[in-house]
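Peer 1: Just so it is clear, I am handing over data_10.cif, which has mmCIF, C-alpha atoms (C1' of nucleotides).
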data_model
#
loop_
_atom_site.label_atom_id
_atom_site.label_comp_id
_atom_site.auth_asym_id
_atom_site.auth_seq_id
_atom_site.Cartn_x
_atom_site.Cartn_y
_atom_site.Cartn_z
CA MET A 64 80.90 -29.87 2.99
CA LYS A 65 82.74 -30.26 -0.27
CA ASN A 66 86.16 -28.77 -0.64
CA PRO A 67 86.27 -25.09 -1.47
CA PHE A 68 86.68 -24.65 -5.17
CA PRO A 69 86.34 -21.54 -7.29
CA GLY A 70 82.92 -21.58 -8.91
CA ALA A 71 81.37 -23.65 -6.15
CA ARG A 72 79.33 -22.71 -3.15
CA VAL A 73 81.42 -22.39 -0.06
CA ARG A 74 80.61 -21.62 3.53
CA GLY A 75 79.19 -18.16 3.71
CA SER A 76 78.96 -17.58 -0.01
CA SER A 77 77.01 -18.96 -2.91
CA SER A 78 78.45 -16.53 -5.41
CA GLY A 79 81.19 -18.83 -6.61
CA ARG A 80 83.69 -15.99 -6.58
CA PRO A 81 87.21 -17.37 -6.38
CA ILE A 82 88.23 -15.19 -3.45
CA MET A 83 85.37 -16.64 -1.39
CA ALA A 84 86.52 -20.18 -2.05
CA LEU A 85 90.08 -19.19 -1.20
CA LEU A 86 89.07 -17.48 2.05
CA ASP A 87 87.09 -20.57 3.03
CA LEU A 88 90.00 -22.85 2.19
CA LEU A 89 92.57 -20.75 4.01
CA GLY A 90 90.20 -20.10 6.90
CA ARG A 91 90.17 -23.74 7.99
CA ARG A 92 92.24 -24.78 10.94
CA MET A 93 95.95 -25.09 10.21
CA ALA A 94 95.63 -24.30 6.52
CA LEU A 95 97.61 -21.05 6.66
CA ARG A 96 100.00 -22.61 9.11
CA ILE A 97 100.70 -25.64 6.93
CA ILE A 98 101.51 -23.45 3.95
CA TRP A 99 103.74 -21.37 6.19
CA GLU A 100 105.63 -24.41 7.47
CA LEU A 101 106.38 -25.46 3.90
CA ARG A 102 108.12 -22.18 3.10
CA GLY A 103 111.44 -24.02 3.13
CA ASP A 104 112.27 -27.54 2.13
CA PRO A 105 109.60 -30.23 1.76
CA LEU A 106 108.62 -32.11 4.91
CA ASN A 107 107.30 -35.61 5.29
CA PHE A 108 103.93 -36.29 6.86
CA ARG A 109 105.14 -36.81 10.40
CA ASP A 110 107.53 -33.90 10.39
CA LEU A 111 104.71 -31.74 9.12
CA VAL A 112 102.49 -32.91 11.96
CA ASP A 113 105.18 -31.77 14.38
CA ALA A 114 106.03 -28.56 12.58
CA ALA A 115 102.43 -27.43 12.43
CA GLY A 116 101.71 -28.70 15.93
CA THR A 117 98.65 -30.61 14.83
CA ASN A 118 97.53 -34.22 14.50
CA PRO A 119 97.37 -36.66 11.60
CA SER A 120 93.65 -36.47 11.00
CA VAL A 121 93.45 -32.71 10.69
CA LEU A 122 96.67 -32.61 8.71
CA ASN A 123 95.43 -35.22 6.30
CA THR A 124 92.13 -33.42 5.80
CA ARG A 125 93.89 -30.12 5.10
CA LEU A 126 96.46 -31.80 2.86
CA SER A 127 93.80 -33.37 0.70
CA GLU A 128 92.10 -30.01 0.30
CA LEU A 129 95.33 -28.17 -0.42
CA ARG A 130 96.49 -30.84 -2.83
CA GLU A 131 93.20 -30.80 -4.70
CA ALA A 132 93.55 -27.02 -4.89
CA GLY A 133 96.99 -27.43 -6.46
CA ILE A 134 98.75 -25.56 -3.67
CA ILE A 135 100.63 -28.50 -2.19
CA GLU A 136 102.03 -31.63 -3.76
CA LEU A 137 103.72 -34.79 -2.58
CA SER A 138 107.05 -35.49 -4.23
CA GLU A 139 109.87 -37.88 -3.46
CA ASP A 140 111.22 -35.36 -0.98
CA GLY A 141 107.95 -35.06 0.91
CA TYR A 142 105.19 -32.48 0.98
CA GLY A 143 106.05 -29.20 -0.63
CA LEU A 144 104.46 -26.21 -2.27
CA THR A 145 103.66 -26.32 -5.96
CA ALA A 146 104.70 -23.42 -8.17
CA GLU A 147 101.26 -21.94 -7.54
CA GLY A 148 101.60 -22.58 -3.84
CA ARG A 149 104.83 -20.66 -3.79
CA THR A 150 103.19 -17.62 -5.35
CA LEU A 151 100.50 -17.86 -2.69
CA LEU A 152 103.15 -18.05 0.02
CA ALA A 153 104.86 -15.02 -1.49
CA ASP A 154 101.56 -13.17 -1.13
CA MET A 155 101.41 -14.26 2.51
CA MET A 156 104.92 -13.18 3.46
CA PRO A 157 103.96 -9.60 4.31
CA LEU A 158 101.87 -11.06 7.12
CA ASN A 159 105.07 -11.91 8.96
CA ALA A 160 106.22 -8.32 9.02
CA TRP A 161 102.72 -7.21 9.89
CA ALA A 162 102.63 -9.62 12.82
CA ASP A 163 105.94 -8.29 14.15
CA ALA A 164 104.71 -4.72 14.00
CA TRP A 165 101.47 -5.84 15.61
CA ALA A 166 103.35 -7.43 18.50
CA LYS A 167 105.33 -4.24 19.00
CA ARG A 168 102.15 -2.16 19.03
CA LEU A 169 100.44 -4.40 21.55
CA ARG A 170 103.43 -4.42 23.88
CA LYS A 171 103.36 -0.65 24.33
CA PRO A 172 99.94 0.76 23.58
CA MET B 213 91.18 -21.13 24.50
CA LYS B 214 92.32 -17.60 25.06
CA ASN B 215 92.43 -15.24 22.17
CA PRO B 216 95.52 -15.41 19.99
CA PHE B 217 97.95 -12.77 21.08
CA PRO B 218 101.59 -12.25 20.15
CA GLY B 219 103.74 -13.65 22.90
CA ALA B 220 101.14 -16.12 24.06
CA ARG B 221 100.70 -19.80 23.38
CA VAL B 222 98.30 -20.42 20.54
CA ARG B 223 96.96 -23.55 18.99
CA GLY B 224 99.79 -25.38 17.36
CA SER B 225 102.56 -23.23 18.75
CA SER B 226 104.02 -22.42 22.12
CA SER B 227 106.79 -20.26 20.74
CA GLY B 228 104.91 -17.00 21.15
CA ARG B 229 106.07 -15.84 17.75
CA PRO B 230 103.73 -13.15 16.48
CA ILE B 231 103.17 -14.82 13.12
CA MET B 232 101.85 -17.91 14.90
CA ALA B 233 99.33 -15.90 16.86
CA LEU B 234 98.28 -14.14 13.68
CA LEU B 235 97.89 -17.37 11.73
CA ASP B 236 95.77 -18.78 14.53
CA LEU B 237 93.64 -15.67 14.68
CA LEU B 238 93.15 -15.48 10.93
CA GLY B 239 92.67 -19.23 10.65
CA ARG B 240 89.43 -19.19 12.62
CA ARG B 241 86.17 -19.46 10.81
CA MET B 242 85.11 -16.28 9.04
CA ALA B 243 88.02 -14.19 10.34
CA LEU B 244 89.58 -13.57 6.92
CA ARG B 245 86.15 -13.17 5.43
CA ILE B 246 85.05 -10.57 7.97
CA ILE B 247 88.15 -8.47 7.32
CA TRP B 248 87.52 -8.81 3.63
CA GLU B 249 83.90 -7.66 3.92
CA LEU B 250 85.05 -4.53 5.74
CA ARG B 251 87.28 -3.47 2.88
CA GLY B 252 84.79 -0.70 2.03
CA ASP B 253 82.60 1.33 4.34
CA PRO B 254 81.81 0.22 7.89
CA LEU B 255 78.90 -2.16 8.35
CA ASN B 256 76.61 -2.58 11.29
CA PHE B 257 76.35 -5.89 13.09
CA ARG B 258 73.41 -7.27 11.15
CA ASP B 259 74.68 -6.18 7.78
CA LEU B 260 77.99 -7.82 8.60
CA VAL B 261 76.20 -11.05 9.48
CA ASP B 262 74.60 -10.98 6.03
CA ALA B 263 77.71 -9.86 4.17
CA ALA B 264 79.85 -12.59 5.67
CA GLY B 265 77.08 -15.17 5.39
CA THR B 266 77.39 -16.19 9.01
CA ASN B 267 75.38 -15.97 12.22
CA PRO B 268 75.45 -13.63 15.22
CA SER B 269 77.20 -15.99 17.61
CA VAL B 270 80.18 -16.73 15.38
CA LEU B 271 80.36 -13.14 14.23
CA ASN B 272 80.36 -11.86 17.77
CA THR B 273 83.09 -14.28 18.80
CA ARG B 274 85.29 -13.25 15.86
CA LEU B 275 84.55 -9.58 16.39
CA SER B 276 85.64 -9.72 20.00
CA GLU B 277 88.91 -11.39 18.98
CA LEU B 278 89.54 -8.99 16.12
CA ARG B 279 88.68 -5.98 18.25
CA GLU B 280 90.98 -7.12 21.03
CA ALA B 281 93.69 -7.54 18.40
CA GLY B 282 93.14 -3.96 17.28
CA ILE B 283 92.17 -4.93 13.76
CA ILE B 284 88.53 -3.95 13.92
CA GLU B 285 86.75 -1.23 15.84
CA LEU B 286 83.19 -0.14 16.40
CA SER B 287 82.53 3.50 15.58
CA GLU B 288 79.38 5.51 15.14
CA ASP B 289 79.24 4.32 11.54
CA GLY B 290 79.44 0.64 12.47
CA TYR B 291 82.17 -1.93 12.41
CA GLY B 292 85.21 -0.96 10.40
CA LEU B 293 88.91 -1.65 10.11
CA THR B 294 91.33 0.26 12.28
CA ALA B 295 94.39 1.86 10.71
CA GLU B 296 96.27 -1.34 11.53
CA GLY B 297 93.45 -3.42 10.12
CA ARG B 298 93.68 -1.55 6.87
CA THR B 299 97.37 -2.32 6.52
CA LEU B 300 96.52 -5.97 7.14
CA LEU B 301 93.83 -5.83 4.48
CA ALA B 302 96.32 -4.25 2.10
CA ASP B 303 98.57 -7.23 2.69
CA MET B 304 95.64 -9.52 1.90
CA MET B 305 94.61 -7.86 -1.33
CA PRO B 306 97.02 -9.88 -3.53
CA LEU B 307 95.00 -12.93 -2.53
CA ASN B 308 92.16 -11.68 -4.71
CA ALA B 309 94.29 -11.66 -7.82
CA TRP B 310 95.79 -14.98 -6.83
CA ALA B 311 92.33 -16.48 -6.47
CA ASP B 312 91.32 -15.28 -9.92
CA ALA B 313 94.41 -16.81 -11.50
CA TRP B 314 93.76 -19.96 -9.48
CA ALA B 315 90.22 -20.19 -10.85
CA LYS B 316 91.51 -19.81 -14.38
CA ARG B 317 94.09 -22.55 -13.86
CA LEU B 318 91.55 -24.95 -12.42
CA ARG B 319 89.07 -24.37 -15.24
CA LYS B 320 91.53 -25.50 -17.90
CA PRO B 321 94.20 -27.73 -16.44
"C1'" DT C 234 113.28 -64.99 5.44
"C1'" DC C 235 112.31 -62.69 9.54
"C1'" DT C 236 112.49 -58.66 12.03
"C1'" DT C 237 112.75 -53.73 12.33
"C1'" DC C 238 112.05 -49.27 10.86
"C1'" DA C 239 110.08 -45.36 8.31
"C1'" DT C 240 106.45 -43.86 5.78
"C1'" DG C 241 101.53 -42.21 4.55
"C1'" DC C 242 97.43 -42.56 6.37
"C1'" DT C 243 92.88 -44.29 8.95
"C1'" DA C 244 89.91 -45.17 13.25
"C1'" DT C 245 87.78 -43.68 17.25
"C1'" DG C 246 85.61 -41.22 20.82
"C1'" DA C 247 85.64 -37.09 23.49
"C1'" DA C 248 86.04 -32.10 23.38
"C1'" DA C 249 85.57 -27.81 21.16
"C1'" DT C 250 83.54 -25.12 17.73
"C1'" DC C 251 80.14 -23.81 14.64
"C1'" DC C 252 75.47 -23.11 12.96
"C1'" DG C 253 70.67 -21.38 12.81
"C1'" DT C 254 67.06 -19.47 15.15
"C1'" DA C 255 64.83 -17.01 18.67
"C1'" DG C 256 64.86 -13.46 21.59
"C1'" DC C 257 66.59 -9.76 25.02
"C1'" DA C 258 68.09 -4.89 26.32
"C1'" DA C 259 68.90 -0.27 25.05
"C1'" DT C 260 67.92 3.57 22.23
"C1'" DG C 261 65.46 6.37 19.28
"C1'" DT C 262 60.99 7.86 16.71
"C1'" DG C 263 56.22 8.27 15.72
"C1'" DC D 39 52.81 4.08 24.26
"C1'" DA D 40 53.74 1.36 20.09
"C1'" DC D 41 57.31 0.37 16.86
"C1'" DA D 42 61.74 -0.04 14.63
"C1'" DT D 43 66.76 -0.48 14.89
"C1'" DT D 44 70.76 -1.72 17.09
"C1'" DG D 45 74.28 -4.83 19.40
"C1'" DC D 46 74.32 -8.91 21.34
"C1'" DT D 47 73.13 -13.50 24.10
"C1'" DA D 48 70.93 -18.28 24.74
"C1'" DC D 49 70.27 -22.59 23.28
"C1'" DG D 50 70.51 -27.17 21.17
"C1'" DG D 51 71.83 -29.85 17.33
"C1'" DA D 52 75.44 -30.44 13.68
"C1'" DT D 53 80.08 -30.32 12.42
"C1'" DT D 54 84.93 -30.04 13.16
"C1'" DT D 55 88.89 -30.64 15.80
"C1'" DC D 56 91.83 -33.05 18.98
"C1'" DA D 57 94.76 -36.79 20.84
"C1'" DT D 58 96.05 -41.27 20.61
"C1'" DA D 59 96.40 -45.80 18.74
"C1'" DG D 60 97.12 -48.47 15.08
"C1'" DC D 61 97.14 -50.28 10.03
"C1'" DA D 62 99.49 -51.10 5.41
"C1'" DT D 63 103.33 -50.85 2.58
"C1'" DG D 64 108.03 -50.86 1.32
"C1'" DA D 65 113.00 -50.65 2.34
"C1'" DA D 66 116.89 -52.14 4.95
"C1'" DG D 67 119.28 -55.22 8.13
"C1'" DA D 68 120.22 -59.60 10.56
#
Before we go any further, please render this structure as structure tokens.
Peer 2:
Amino acid sequence: MKNPFPGARVRGSSSGRPIMALLDLLGRRMALRIIWELRGDPLNFRDLVDAAGTNPSVLNTRLSELREAGIIELSEDGYGLTAEGRTLLADMMPLNAWADAWAKRLRKP
Amino acid sequence: MKNPFPGARVRGSSSGRPIMALLDLLGRRMALRIIWELRGDPLNFRDLVDAAGTNPSVLNTRLSELREAGIIELSEDGYGLTAEGRTLLADMMPLNAWADAWAKRLRKP
DNA sequence: TCTTCATGCTATGAAATCCGTAGCAATGTG
DNA sequence: CACATTGCTACGGATTTCATAGCATGAAGA
């Protein structure tokens, strides 16, 4: 299937609503993780493979989608978040705190 | 593979850090979407299949993971978010605004 | 110039996952 | 006893992911 793109059909939705395209894009394997791993300094391709614990083919597929979406870019320093990507990451940061509270809950139910 | 669980190995991470388990869980097909579709009233199984634009087998797999994680529960009214699930959804809501701004950017670059 | 290295990325085949459809079991209603 | 509604499972083909090997390019040494 084509890359998720606001205004286009995506898996599970033909409405073209931007949130549906975003949920499809972020719902693919390693997409959230890749963005997460780029929260600090840019990483080169191989370091990103290691950091995300994935393999070149999946990473490259996700990178092309995330680059086309304007979330990630390749600079001289390696792969990093664009300005837009950083605002998306900022929106994801609460998930970290949520996950910690979740772990605490599940340890003593 | 076993369901993502804080403290356990998940795809792409053996650290057991809660955020990794969460990113694995949410990075599976339709997981984010299912949570999103339950932002309002509970839905029964079939309505949730339609709302998420998926099929019973994938939905059931995701539901069992999300129920085990304590994010979704089945009540007399149907499938709905738990209290914890609602806080997770609240953390996801900014994505909607982000997606709208994203769509606007991509329309006129 | 001839290695050697680091880089982004592609190729390949097997394994896992997803998808769509059909249908089952339990429960309730006429 | 039909009949509808519900949650869910079975199945087979399509797609995606996984792990590993390797290619192409450019820079840096020898």
Peer 1: Both chains have the same sequence, so superpose chain A on chain B over all Cα atoms paired in order and return it as a PDB file with C-alpha atoms, keeping the file's coordinate frame.
Peer 2:
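Produced file result_33.pdb, reproduced below:
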ATOM      1  CA  MET A  64      91.272 -21.226  24.467  1.00  0.00           C
ATOM      2  CA  LYS A  65      92.325 -17.659  25.048  1.00  0.00           C
ATOM      3  CA  ASN A  66      92.431 -15.279  22.153  1.00  0.00           C
ATOM      4  CA  PRO A  67      95.533 -15.433  20.010  1.00  0.00           C
ATOM      5  CA  PHE A  68      97.943 -12.776  21.098  1.00  0.00           C
ATOM      6  CA  PRO A  69     101.573 -12.275  20.173  1.00  0.00           C
ATOM      7  CA  GLY A  70     103.710 -13.642  22.981  1.00  0.00           C
ATOM      8  CA  ALA A  71     101.095 -16.145  24.077  1.00  0.00           C
ATOM      9  CA  ARG A  72     100.663 -19.799  23.366  1.00  0.00           C
ATOM     10  CA  VAL A  73      98.299 -20.421  20.530  1.00  0.00           C
ATOM     11  CA  ARG A  74      96.962 -23.548  18.928  1.00  0.00           C
ATOM     12  CA  GLY A  75      99.826 -25.423  17.411  1.00  0.00           C
ATOM     13  CA  SER A  76     102.571 -23.241  18.803  1.00  0.00           C
ATOM     14  CA  SER A  77     104.011 -22.420  22.175  1.00  0.00           C
ATOM     15  CA  SER A  78     106.766 -20.246  20.791  1.00  0.00           C
ATOM     16  CA  GLY A  79     104.891 -16.995  21.189  1.00  0.00           C
ATOM     17  CA  ARG A  80     106.042 -15.827  17.779  1.00  0.00           C
ATOM     18  CA  PRO A  81     103.711 -13.143  16.478  1.00  0.00           C
ATOM     19  CA  ILE A  82     103.149 -14.821  13.125  1.00  0.00           C
ATOM     20  CA  MET A  83     101.856 -17.930  14.910  1.00  0.00           C
ATOM     21  CA  ALA A  84      99.317 -15.914  16.855  1.00  0.00           C
ATOM     22  CA  LEU A  85      98.278 -14.137  13.671  1.00  0.00           C
ATOM     23  CA  LEU A  86      97.890 -17.382  11.716  1.00  0.00           C
ATOM     24  CA  ASP A  87      95.769 -18.794  14.533  1.00  0.00           C
ATOM     25  CA  LEU A  88      93.632 -15.665  14.656  1.00  0.00           C
ATOM     26  CA  LEU A  89      93.146 -15.478  10.907  1.00  0.00           C
ATOM     27  CA  GLY A  90      92.687 -19.234  10.637  1.00  0.00           C
ATOM     28  CA  ARG A  91      89.429 -19.204  12.591  1.00  0.00           C
ATOM     29  CA  ARG A  92      86.181 -19.457  10.731  1.00  0.00           C
ATOM     30  CA  MET A  93      85.113 -16.247   9.015  1.00  0.00           C
ATOM     31  CA  ALA A  94      88.022 -14.195  10.308  1.00  0.00           C
ATOM     32  CA  LEU A  95      89.580 -13.560   6.892  1.00  0.00           C
ATOM     33  CA  ARG A  96      86.151 -13.141   5.404  1.00  0.00           C
ATOM     34  CA  ILE A  97      85.054 -10.547   7.951  1.00  0.00           C
ATOM     35  CA  ILE A  98      88.145  -8.454   7.319  1.00  0.00           C
ATOM     36  CA  TRP A  99      87.509  -8.785   3.604  1.00  0.00           C
ATOM     37  CA  GLU A 100      83.899  -7.633   3.916  1.00  0.00           C
ATOM     38  CA  LEU A 101      85.045  -4.502   5.731  1.00  0.00           C
ATOM     39  CA  ARG A 102      87.276  -3.422   2.853  1.00  0.00           C
ATOM     40  CA  GLY A 103      84.787  -0.670   2.054  1.00  0.00           C
ATOM     41  CA  ASP A 104      82.580   1.339   4.328  1.00  0.00           C
ATOM     42  CA  PRO A 105      81.801   0.243   7.891  1.00  0.00           C
ATOM     43  CA  LEU A 106      78.889  -2.151   8.345  1.00  0.00           C
ATOM     44  CA  ASN A 107      76.607  -2.604  11.299  1.00  0.00           C
ATOM     45  CA  PHE A 108      76.340  -5.917  13.097  1.00  0.00           C
ATOM     46  CA  ARG A 109      73.407  -7.289  11.153  1.00  0.00           C
ATOM     47  CA  ASP A 110      74.670  -6.189   7.780  1.00  0.00           C
ATOM     48  CA  LEU A 111      77.965  -7.827   8.611  1.00  0.00           C
ATOM     49  CA  VAL A 112      76.179 -11.055   9.480  1.00  0.00           C
ATOM     50  CA  ASP A 113      74.600 -10.976   6.031  1.00  0.00           C
ATOM     51  CA  ALA A 114      77.695  -9.855   4.179  1.00  0.00           C
ATOM     52  CA  ALA A 115      79.845 -12.577   5.672  1.00  0.00           C
ATOM     53  CA  GLY A 116      77.068 -15.146   5.410  1.00  0.00           C
ATOM     54  CA  THR A 117      77.425 -16.203   9.012  1.00  0.00           C
ATOM     55  CA  ASN A 118      75.425 -16.018  12.231  1.00  0.00           C
ATOM     56  CA  PRO A 119      75.484 -13.688  15.224  1.00  0.00           C
ATOM     57  CA  SER A 120      77.274 -15.997  17.611  1.00  0.00           C
ATOM     58  CA  VAL A 121      80.227 -16.735  15.373  1.00  0.00           C
ATOM     59  CA  LEU A 122      80.378 -13.134  14.231  1.00  0.00           C
ATOM     60  CA  ASN A 123      80.394 -11.867  17.774  1.00  0.00           C
ATOM     61  CA  THR A 124      83.132 -14.284  18.795  1.00  0.00           C
ATOM     62  CA  ARG A 125      85.311 -13.260  15.848  1.00  0.00           C
ATOM     63  CA  LEU A 126      84.569  -9.573  16.395  1.00  0.00           C
ATOM     64  CA  SER A 127      85.672  -9.712  19.997  1.00  0.00           C
ATOM     65  CA  GLU A 128      88.913 -11.381  18.971  1.00  0.00           C
ATOM     66  CA  LEU A 129      89.547  -8.979  16.113  1.00  0.00           C
ATOM     67  CA  ARG A 130      88.687  -5.979  18.245  1.00  0.00           C
ATOM     68  CA  GLU A 131      90.987  -7.104  21.031  1.00  0.00           C
ATOM     69  CA  ALA A 132      93.691  -7.532  18.394  1.00  0.00           C
ATOM     70  CA  GLY A 133      93.153  -3.937  17.277  1.00  0.00           C
ATOM     71  CA  ILE A 134      92.197  -4.925  13.743  1.00  0.00           C
ATOM     72  CA  ILE A 135      88.541  -3.934  13.906  1.00  0.00           C
ATOM     73  CA  GLU A 136      86.761  -1.221  15.828  1.00  0.00           C
ATOM     74  CA  LEU A 137      83.195  -0.120  16.384  1.00  0.00           C
ATOM     75  CA  SER A 138      82.536   3.511  15.561  1.00  0.00           C
ATOM     76  CA  GLU A 139      79.378   5.531  15.103  1.00  0.00           C
ATOM     77  CA  ASP A 140      79.217   4.316  11.523  1.00  0.00           C
ATOM     78  CA  GLY A 141      79.424   0.653  12.469  1.00  0.00           C
ATOM     79  CA  TYR A 142      82.189  -1.922  12.395  1.00  0.00           C
ATOM     80  CA  GLY A 143      85.216  -0.935  10.406  1.00  0.00           C
ATOM     81  CA  LEU A 144      88.903  -1.622  10.105  1.00  0.00           C
ATOM     82  CA  THR A 145      91.333   0.277  12.286  1.00  0.00           C
ATOM     83  CA  ALA A 146      94.387   1.872  10.705  1.00  0.00           C
ATOM     84  CA  GLU A 147      96.261  -1.327  11.526  1.00  0.00           C
ATOM     85  CA  GLY A 148      93.447  -3.403  10.117  1.00  0.00           C
ATOM     86  CA  ARG A 149      93.673  -1.530   6.867  1.00  0.00           C
ATOM     87  CA  THR A 150      97.365  -2.317   6.528  1.00  0.00           C
ATOM     88  CA  LEU A 151      96.518  -5.960   7.143  1.00  0.00           C
ATOM     89  CA  LEU A 152      93.824  -5.819   4.473  1.00  0.00           C
ATOM     90  CA  ALA A 153      96.316  -4.236   2.093  1.00  0.00           C
ATOM     91  CA  ASP A 154      98.570  -7.235   2.702  1.00  0.00           C
ATOM     92  CA  MET A 155      95.640  -9.527   1.914  1.00  0.00           C
ATOM     93  CA  MET A 156      94.622  -7.871  -1.344  1.00  0.00           C
ATOM     94  CA  PRO A 157      97.008  -9.886  -3.513  1.00  0.00           C
ATOM     95  CA  LEU A 158      94.987 -12.938  -2.517  1.00  0.00           C
ATOM     96  CA  ASN A 159      92.155 -11.685  -4.698  1.00  0.00           C
ATOM     97  CA  ALA A 160      94.294 -11.665  -7.803  1.00  0.00           C
ATOM     98  CA  TRP A 161      95.778 -14.988  -6.806  1.00  0.00           C
ATOM     99  CA  ALA A 162      92.310 -16.484  -6.442  1.00  0.00           C
ATOM    100  CA  ASP A 163      91.311 -15.277  -9.912  1.00  0.00           C
ATOM    101  CA  ALA A 164      94.389 -16.820 -11.471  1.00  0.00           C
ATOM    102  CA  TRP A 165      93.736 -19.973  -9.477  1.00  0.00           C
ATOM    103  CA  ALA A 166      90.197 -20.205 -10.831  1.00  0.00           C
ATOM    104  CA  LYS A 167      91.495 -19.797 -14.366  1.00  0.00           C
ATOM    105  CA  ARG A 168      94.071 -22.539 -13.837  1.00  0.00           C
ATOM    106  CA  LEU A 169      91.535 -24.961 -12.425  1.00  0.00           C
ATOM    107  CA  ARG A 170      89.074 -24.360 -15.245  1.00  0.00           C
ATOM    108  CA  LYS A 171      91.530 -25.512 -17.903  1.00  0.00           C
ATOM    109  CA  PRO A 172      94.181 -27.766 -16.441  1.00  0.00           C
TER     110      PRO A 172
END
Peer 1: Which residues are close to range 238-253 of chain C, i.e. within 10 Å by all atoms listed in the file, leaving aside same-chain residues fewer than 2 positions away? Reply as a PyMOL selection string.
Peer 2: (chain A and resi 107-109+119-120+123) or (chain B and resi 213+240-241+266-270) or (chain C and resi 236+255) or (chain D and resi 51-67)
Peer 1: For CA of Arg74 in chain A and CA of Asp87 in chain A, quote the distance in Å rounded to one decimal.
Peer 2: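 Straight-line distance from CA of Arg74 in chain A to CA of Asp87 in chain A works out to 6.6 Å.
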Peer 1: Tell me which residues the PyMOL selection byres ((chain A and resi 158-165) around 9) grabs here, as an MDAnalysis selection string.
Peer 2: (chainID A and resid 154:157 166:170) or (chainID B and resid 218 229:235 281:282 296 299:300 303:304)
Peer 1: Where does the PyMOL selection byres ((chain A and resi 97) around 10) land in this file, that is, which residues does it pick, as a list in words?
Peer 2: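 Applying the expression gives Leu89, Arg92, Met93, Ala94, Leu95, Arg96, Ile98, Trp99, Glu100, Leu101, Arg102, Leu111, Val112, Ala114, Ala115, Gly116, Thr117, Leu122, Arg125, Leu126, Leu129, Ile135, Gly143 and Leu144 of chain A; Leu235 of chain B.
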Peer 1: Please produce an output containing C-alpha atoms for each residue in the selection, written as a PDB file, in the frame of the given file.
Peer 2:
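Output (out.pdb):
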ATOM      1  CA  LEU A  89      92.570 -20.750   4.010  1.00  0.00           C
ATOM      2  CA  ARG A  92      92.240 -24.780  10.940  1.00  0.00           C
ATOM      3  CA  MET A  93      95.950 -25.090  10.210  1.00  0.00           C
ATOM      4  CA  ALA A  94      95.630 -24.300   6.520  1.00  0.00           C
ATOM      5  CA  LEU A  95      97.610 -21.050   6.660  1.00  0.00           C
ATOM      6  CA  ARG A  96     100.000 -22.610   9.110  1.00  0.00           C
ATOM      7  CA  ILE A  98     101.510 -23.450   3.950  1.00  0.00           C
ATOM      8  CA  TRP A  99     103.740 -21.370   6.190  1.00  0.00           C
ATOM      9  CA  GLU A 100     105.630 -24.410   7.470  1.00  0.00           C
ATOM     10  CA  LEU A 101     106.380 -25.460   3.900  1.00  0.00           C
ATOM     11  CA  ARG A 102     108.120 -22.180   3.100  1.00  0.00           C
ATOM     12  CA  LEU A 111     104.710 -31.740   9.120  1.00  0.00           C
ATOM     13  CA  VAL A 112     102.490 -32.910  11.960  1.00  0.00           C
ATOM     14  CA  ALA A 114     106.030 -28.560  12.580  1.00  0.00           C
ATOM     15  CA  ALA A 115     102.430 -27.430  12.430  1.00  0.00           C
ATOM     16  CA  GLY A 116     101.710 -28.700  15.930  1.00  0.00           C
ATOM     17  CA  THR A 117      98.650 -30.610  14.830  1.00  0.00           C
ATOM     18  CA  LEU A 122      96.670 -32.610   8.710  1.00  0.00           C
ATOM     19  CA  ARG A 125      93.890 -30.120   5.100  1.00  0.00           C
ATOM     20  CA  LEU A 126      96.460 -31.800   2.860  1.00  0.00           C
ATOM     21  CA  LEU A 129      95.330 -28.170  -0.420  1.00  0.00           C
ATOM     22  CA  ILE A 135     100.630 -28.500  -2.190  1.00  0.00           C
ATOM     23  CA  GLY A 143     106.050 -29.200  -0.630  1.00  0.00           C
ATOM     24  CA  LEU A 144     104.460 -26.210  -2.270  1.00  0.00           C
TER      25      LEU A 144
ATOM     26  CA  LEU B 235      97.890 -17.370  11.730  1.00  0.00           C
TER      27      LEU B 235
END
Peer 1: Compile the residues of chain D that lie within 10 Å of chain B, evaluated using only C-alpha atoms (C1' of nucleotides), and express the compilation as a list of chain:residue names.
Peer 2: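 Taken together, these residues fit the definition: D:DT44, D:DG45, D:DC46, D:DT47, D:DA48.
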Peer 1: Here is a test: counting all atoms listed in the file, which residue of B:Asn215, B:Leu301, B:Asp289, B:Gly239 is nearest to chain A?
Peer 2: B:Gly239
